[in-house]
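Have a look at protein20.txt; it's compact mmCIF, C-alpha atoms:
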```txt
# COMPACT_ATOMS: atom_id res chain seq x y z
CA MET F 1 -68.88 -45.72 10.49
CA ILE F 2 -65.44 -44.98 9.15
CA THR F 3 -65.51 -45.26 5.38
CA ARG F 4 -62.67 -46.42 3.15
CA ARG F 5 -62.44 -42.87 1.80
CA LEU F 6 -61.86 -41.44 5.28
CA ILE F 7 -59.27 -44.10 6.03
CA GLY F 8 -57.53 -43.27 2.77
CA LEU F 9 -57.49 -39.57 3.58
CA ALA F 10 -56.10 -40.23 7.04
CA LEU F 11 -53.33 -42.41 5.66
CA ALA F 12 -52.47 -39.77 3.06
CA ALA F 13 -52.21 -37.16 5.80
CA VAL F 14 -49.88 -39.37 7.81
CA VAL F 15 -47.69 -40.03 4.80
CA ALA F 16 -47.56 -36.31 3.97
CA ALA F 17 -46.67 -35.43 7.54
CA PHE F 18 -43.70 -37.77 7.50
CA SER F 19 -42.55 -37.09 3.95
CA PRO F 20 -39.04 -35.67 3.45
CA ALA F 21 -40.46 -32.30 2.33
CA ALA F 22 -42.62 -31.97 5.44
CA ALA F 23 -39.80 -33.03 7.71
CA LEU F 24 -37.50 -30.37 6.26
CA ALA F 25 -40.05 -27.56 6.13
CA ALA F 26 -39.48 -24.73 8.60
CA GLU F 27 -40.80 -21.28 9.41
CA THR F 28 -39.01 -17.95 9.60
CA GLN F 29 -40.07 -14.61 11.04
CA VAL F 30 -39.24 -11.78 8.61
CA ALA F 31 -39.31 -8.08 9.48
CA VAL F 32 -40.13 -6.22 6.25
CA ALA F 33 -39.89 -2.48 5.63
CA ALA F 34 -43.37 -1.15 4.89
CA ASN F 35 -42.55 -0.01 1.34
CA PHE F 36 -41.78 -3.60 0.38
CA THR F 37 -45.14 -5.02 1.53
CA GLU F 38 -46.62 -6.19 -1.77
CA PRO F 39 -43.47 -7.64 -3.36
CA ALA F 40 -42.63 -9.40 -0.08
CA LYS F 41 -46.02 -11.10 -0.09
CA GLU F 42 -45.51 -12.36 -3.63
CA ILE F 43 -41.97 -13.48 -2.88
CA ALA F 44 -43.10 -15.33 0.25
CA THR F 45 -45.70 -17.23 -1.76
CA ALA F 46 -43.13 -18.21 -4.40
CA PHE F 47 -40.65 -19.11 -1.65
CA LYS F 48 -43.08 -21.54 -0.03
CA ALA F 49 -43.90 -23.14 -3.39
CA ALA F 50 -40.21 -23.57 -4.22
CA THR F 51 -38.87 -24.69 -0.82
CA GLY F 52 -41.73 -25.76 1.41
CA HIS F 53 -40.58 -23.22 4.00
CA THR F 54 -42.94 -20.53 5.32
CA ALA F 55 -41.93 -16.89 5.67
CA VAL F 56 -44.11 -15.14 8.26
CA LEU F 57 -44.03 -11.46 7.34
CA SER F 58 -44.37 -8.43 9.62
CA PHE F 59 -44.50 -4.88 8.22
CA ASN F 60 -43.38 -1.62 9.82
CA SER F 61 -40.92 1.22 9.38
CA SER F 62 -37.26 0.28 9.47
CA GLY F 63 -36.62 2.45 12.51
CA GLN F 64 -39.45 0.92 14.52
CA PHE F 65 -38.25 -2.57 13.63
CA TYR F 66 -34.73 -1.76 14.77
CA ALA F 67 -36.01 -0.52 18.11
CA GLN F 68 -37.98 -3.75 18.53
CA MET F 69 -34.99 -5.93 17.62
CA ALA F 70 -32.76 -4.03 20.03
CA HIS F 71 -35.23 -5.01 22.76
CA GLY F 72 -35.24 -8.68 21.81
CA ALA F 73 -38.00 -9.03 19.21
CA PRO F 74 -37.58 -12.57 17.79
CA TYR F 75 -37.21 -11.84 14.08
CA ASP F 76 -34.91 -14.06 12.01
CA VAL F 77 -34.48 -11.84 8.94
CA PHE F 78 -34.55 -8.06 8.54
CA LEU F 79 -35.44 -6.47 5.20
CA SER F 80 -34.72 -2.82 5.84
CA ALA F 81 -35.52 0.18 3.64
CA ASP F 82 -31.95 1.40 4.06
CA ALA F 83 -28.37 0.20 4.42
CA GLU F 84 -27.72 2.05 7.67
CA ARG F 85 -29.77 -0.09 10.01
CA PRO F 86 -28.59 -3.50 8.76
CA ALA F 87 -25.02 -2.21 9.06
CA ARG F 88 -25.78 -1.07 12.59
CA ALA F 89 -27.34 -4.45 13.38
CA GLU F 90 -24.11 -6.09 12.25
CA ALA F 91 -22.00 -3.70 14.35
CA ASP F 92 -24.24 -4.05 17.40
CA GLY F 93 -24.15 -7.84 17.33
CA LEU F 94 -27.77 -8.26 16.28
CA GLY F 95 -26.98 -9.40 12.74
CA VAL F 96 -24.71 -12.13 11.41
CA THR F 97 -21.52 -10.74 9.88
CA GLY F 98 -21.21 -11.33 6.15
CA THR F 99 -24.92 -11.89 5.46
CA ARG F 100 -25.85 -8.30 4.61
CA PHE F 101 -26.65 -7.40 0.98
CA THR F 102 -28.72 -4.97 -1.09
CA TYR F 103 -31.89 -6.69 -2.26
CA ALA F 104 -33.52 -3.63 -3.89
CA ILE F 105 -32.98 0.03 -4.65
CA GLY F 106 -36.08 2.06 -3.93
CA ARG F 107 -37.60 4.91 -5.91
CA LEU F 108 -39.44 7.89 -4.45
CA VAL F 109 -42.51 9.37 -6.12
CA LEU F 110 -44.65 12.44 -5.48
CA TYR F 111 -48.24 11.25 -5.82
CA SER F 112 -51.74 12.70 -5.76
CA LYS F 113 -55.14 11.13 -6.37
CA THR F 114 -56.10 14.31 -8.20
CA PRO F 115 -55.39 14.10 -11.96
CA GLY F 116 -53.18 16.93 -13.16
CA LEU F 117 -52.21 18.23 -9.72
CA VAL F 118 -48.70 16.75 -9.89
CA ASP F 119 -46.85 17.50 -13.12
CA GLY F 120 -43.98 15.56 -14.62
CA ALA F 121 -41.31 17.75 -13.04
CA GLY F 122 -42.66 18.27 -9.53
CA ALA F 123 -43.26 21.98 -10.13
CA VAL F 124 -46.38 21.84 -7.95
CA LEU F 125 -44.07 21.87 -4.92
CA GLY F 126 -43.11 25.43 -5.81
CA LYS F 127 -46.76 26.49 -5.75
CA PRO F 128 -47.80 25.88 -2.14
CA SER F 129 -51.03 27.82 -2.61
CA GLY F 130 -52.24 24.93 -4.74
CA PHE F 131 -52.51 22.45 -1.86
CA ASN F 132 -52.86 22.35 1.91
CA LYS F 133 -50.95 19.23 2.95
CA VAL F 134 -48.10 17.06 1.67
CA SER F 135 -47.43 13.77 3.43
CA ILE F 136 -44.09 12.10 4.07
CA ALA F 137 -42.92 9.15 6.16
CA ASP F 138 -41.24 9.98 9.45
CA PRO F 139 -37.59 10.78 8.56
CA ALA F 140 -36.49 9.49 11.98
CA ALA F 141 -37.82 6.02 11.22
CA ALA F 142 -38.22 5.68 7.45
CA PRO F 143 -35.55 6.23 4.76
CA TYR F 144 -38.23 7.33 2.29
CA GLY F 145 -39.00 10.19 4.66
CA VAL F 146 -35.34 11.19 4.63
CA ALA F 147 -35.35 11.10 0.83
CA ALA F 148 -38.49 13.27 0.75
CA VAL F 149 -36.88 15.96 2.91
CA GLN F 150 -33.68 15.80 0.84
CA THR F 151 -35.72 16.26 -2.34
CA MET F 152 -37.58 19.28 -1.03
CA LYS F 153 -34.33 20.84 0.14
CA LYS F 154 -32.70 20.14 -3.23
CA LEU F 155 -35.58 21.96 -4.91
CA GLY F 156 -35.32 24.85 -2.44
CA VAL F 157 -38.92 24.50 -1.25
CA TYR F 158 -38.56 22.83 2.14
CA GLY F 159 -38.78 26.02 4.19
CA ALA F 160 -42.01 27.10 2.51
CA LEU F 161 -43.55 23.62 2.64
CA LYS F 162 -42.59 22.64 6.17
CA PRO F 163 -45.84 24.00 7.73
CA LYS F 164 -47.81 21.89 5.24
CA VAL F 165 -45.94 18.62 5.89
CA VAL F 166 -47.85 15.84 7.66
CA ILE F 167 -45.77 12.95 8.90
CA GLY F 168 -46.80 9.31 8.79
CA SER F 169 -45.28 6.77 11.14
CA SER F 170 -44.32 4.71 8.09
CA ILE F 171 -44.47 4.97 4.31
CA THR F 172 -47.75 3.04 4.51
CA GLN F 173 -49.34 5.79 6.57
CA ALA F 174 -47.85 8.47 4.33
CA TYR F 175 -49.66 6.82 1.42
CA GLN F 176 -52.88 6.43 3.44
CA PHE F 177 -52.94 10.19 4.08
CA VAL F 178 -53.06 10.76 0.32
CA ASP F 179 -55.42 7.89 -0.38
CA THR F 180 -57.96 9.10 2.18
CA GLY F 181 -57.69 12.75 1.18
CA ALA F 182 -56.05 13.90 4.43
CA ALA F 183 -53.26 15.26 2.22
CA GLU F 184 -53.61 16.33 -1.41
CA LEU F 185 -50.22 14.92 -2.31
CA GLY F 186 -47.42 12.97 -0.71
CA PHE F 187 -43.99 11.48 -1.15
CA VAL F 188 -44.47 7.71 -1.24
CA ALA F 189 -42.68 4.63 -2.51
CA TYR F 190 -43.01 4.04 -6.23
CA SER F 191 -43.92 0.42 -5.46
CA GLN F 192 -47.08 1.62 -3.71
CA VAL F 193 -48.52 3.36 -6.77
CA ILE F 194 -46.94 1.56 -9.72
CA ASN F 195 -50.14 -0.45 -10.20
CA VAL F 196 -52.54 2.34 -9.20
CA ALA F 197 -54.50 3.79 -12.10
CA GLY F 198 -55.37 7.46 -12.33
CA GLY F 199 -54.19 10.36 -10.24
CA SER F 200 -50.96 12.17 -11.04
CA ARG F 201 -47.35 11.58 -10.09
CA TRP F 202 -43.73 12.59 -10.46
CA LEU F 203 -41.03 9.96 -10.26
CA VAL F 204 -38.31 11.80 -8.35
CA PRO F 205 -34.91 11.70 -10.09
CA VAL F 206 -32.40 9.61 -8.17
CA ALA F 207 -30.03 12.59 -8.19
CA ASP F 208 -32.41 14.56 -5.96
CA HIS F 209 -31.77 12.44 -2.86
CA ALA F 210 -29.35 9.89 -1.45
CA PRO F 211 -29.76 6.38 -2.92
CA ILE F 212 -32.38 4.27 -1.17
CA ASP F 213 -30.30 1.10 -0.88
CA GLN F 214 -32.52 -1.46 0.80
CA GLN F 215 -30.47 -4.11 2.56
CA ALA F 216 -31.28 -7.48 4.10
CA ILE F 217 -29.46 -9.24 6.90
CA LEU F 218 -29.70 -12.53 8.77
CA LEU F 219 -30.25 -11.84 12.46
CA TYR F 220 -28.57 -13.89 15.18
CA THR F 221 -31.95 -15.18 16.31
CA GLY F 222 -32.26 -16.86 12.91
CA GLN F 223 -28.69 -18.07 12.42
CA ASN F 224 -29.66 -21.71 13.03
CA ASN F 225 -32.95 -21.52 11.17
CA PRO F 226 -32.72 -23.17 7.72
CA ALA F 227 -35.82 -21.31 6.53
CA ALA F 228 -34.25 -17.93 7.37
CA LYS F 229 -31.11 -18.75 5.41
CA ALA F 230 -33.15 -20.14 2.54
CA PHE F 231 -35.31 -17.00 2.38
CA LEU F 232 -32.28 -14.73 2.06
CA ALA F 233 -30.89 -16.98 -0.66
CA PHE F 234 -34.25 -16.95 -2.45
CA LEU F 235 -34.20 -13.14 -2.60
CA LYS F 236 -31.27 -13.43 -5.00
CA THR F 237 -32.97 -15.85 -7.39
CA PRO F 238 -34.34 -14.81 -10.80
CA ALA F 239 -37.89 -15.50 -9.56
CA ALA F 240 -37.57 -13.04 -6.68
CA ILE F 241 -35.68 -10.47 -8.74
CA ALA F 242 -38.47 -10.50 -11.33
CA VAL F 243 -41.00 -9.62 -8.62
CA ILE F 244 -38.75 -6.88 -7.23
CA LYS F 245 -38.39 -5.28 -10.65
CA LYS F 246 -42.11 -5.58 -11.33
CA TYR F 247 -42.76 -3.20 -8.45
CA GLY F 248 -40.43 -0.54 -9.80
CA TYR F 249 -37.32 -1.28 -7.77
CA GLU F 250 -33.87 -1.43 -9.25
CA VAL F 251 -31.39 -4.20 -8.45
CA ARG F 252 -27.63 -4.45 -8.53
```
Write the structure described by the file as structure tokens, please.
Amino acid sequence: MITRRLIGLALAAVVAAFSPAAALAAETQVAVAANFTEPAKEIATAFKAATGHTAVLSFNSSGQFYAQMAHGAPYDVFLSADAERPARAEADGLGVTGTRFTYAIGRLVLYSKTPGLVDGAGAVLGKPSGFNKVSIADPAAAPYGVAAVQTMKKLGVYGALKPKVVIGSSITQAYQFVDTGAAELGFVAYSQVINVAGGSRWLVPVADHAPIDQQAILLYTGQNNPAAKAFLAFLKTPAAIAVIKKYGYEVR
């Protein structure tokens, strides 16, 4: 027998389904650079609470995402770890002109799970006998990998360390190498370790590598999607900026 309570719940569901908020709610597919995984998750949750829209997040290296998009992957928004690929997307007709902007400026950190191994100036890099492996993200696909190579070259240690370098397909894998002990230390995104207790680290000075300007762009596949446009707009709000800063990024 159908009870009054069940009837009431059914009616409430019908009303909710046809409410203005439900009618306007939409979904957007967002390609997110791996370094921005945790802040993106928090921002997506706040975005849904504020707008009713849902941001479906996918995580990978910027280079791998670009290759997918060039072959028709149906993403609406691209949050890259660099400025180069969004600019290329705009030039190649994959991104909507005028929608590109810097949403965060990344910081590189040399990290080890071993306390005391990494000092506050990165001097451990000049003592290669003290470790066997140092992990970095693939420079061909990940801007943080490019920054890691630039840093080692700036310090004059790249030649000596090259045989010890292990390359992750993304910054996530570069961190996993350190976290699992496959590498004693690694160049990772500051956002990945800012809330990790213990270990040792060196926050690489911004002067040691090219700026990691992380840009977003609306893709042509999402140009008619209100949720995609709303998500990009939300990235510029105080709520989103607070999350971005919390994870150690800088903003302009």
* **Which residue of F:Ser170, F:Gln214, F:Leu57, F:Thr151 approaches F:Thr37 most closely, using all atoms listed in the file** => F:Leu57
* To do: Might you pull out every residue within 9 Å of F:Ala148, with all atoms listed in the file counted and same-chain residues fewer than 2 positions away left off, and present them as a ChimeraX atom specification?
  => /F:108-110,136-137,139,143-146,150-153,187-188,209
* Name the residues in contact with F:Ser62 at a cut-off of 6 Å, using all atoms listed in the file, excluding same-chain residues fewer than 2 positions from it; report them as a PyMOL selection string. => chain F and resi 33+64-65+80+142
* To do: List the residues sitting within 10 Å of (-45.1, 17.7, 7.6) in the file's frame, using all atoms listed in the file, as a list in words.
  => Lys133, Val134, Ser135, Ile136, Ala137, Asp138, Val149, Tyr158, Leu161, Lys162, Pro163, Lys164, Val165, Val166, Ile167, Gly168 and Gly186 of chain F
* Separation of atom CA of F:Gly199 and atom CA of F:Ala240, in Å? -> 28.9 Å
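Note that atom CA of F:Gly222 and atom CA of F:Thr28 are 7.6 Å apart.
Put simply, atom CA of F:Arg88 is 17.7 Å away from atom CA of F:Val30.
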* Asked: Can you list, as a ChimeraX atom specification, every protein, DNA or RNA residue that comes within 10 Å of F:Phe47 when you count only C-alpha atoms, leaving out same-chain residues fewer than 3 positions away?
  -> /F:41-44,50-55,227,230-231,234-235,239-240
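Considering the residues F:Asp213, F:Asp76, F:Glu90, F:Glu84 and counting all atoms listed in the file, F:Pro226 has its shortest atom-to-atom contact with F:Asp76.
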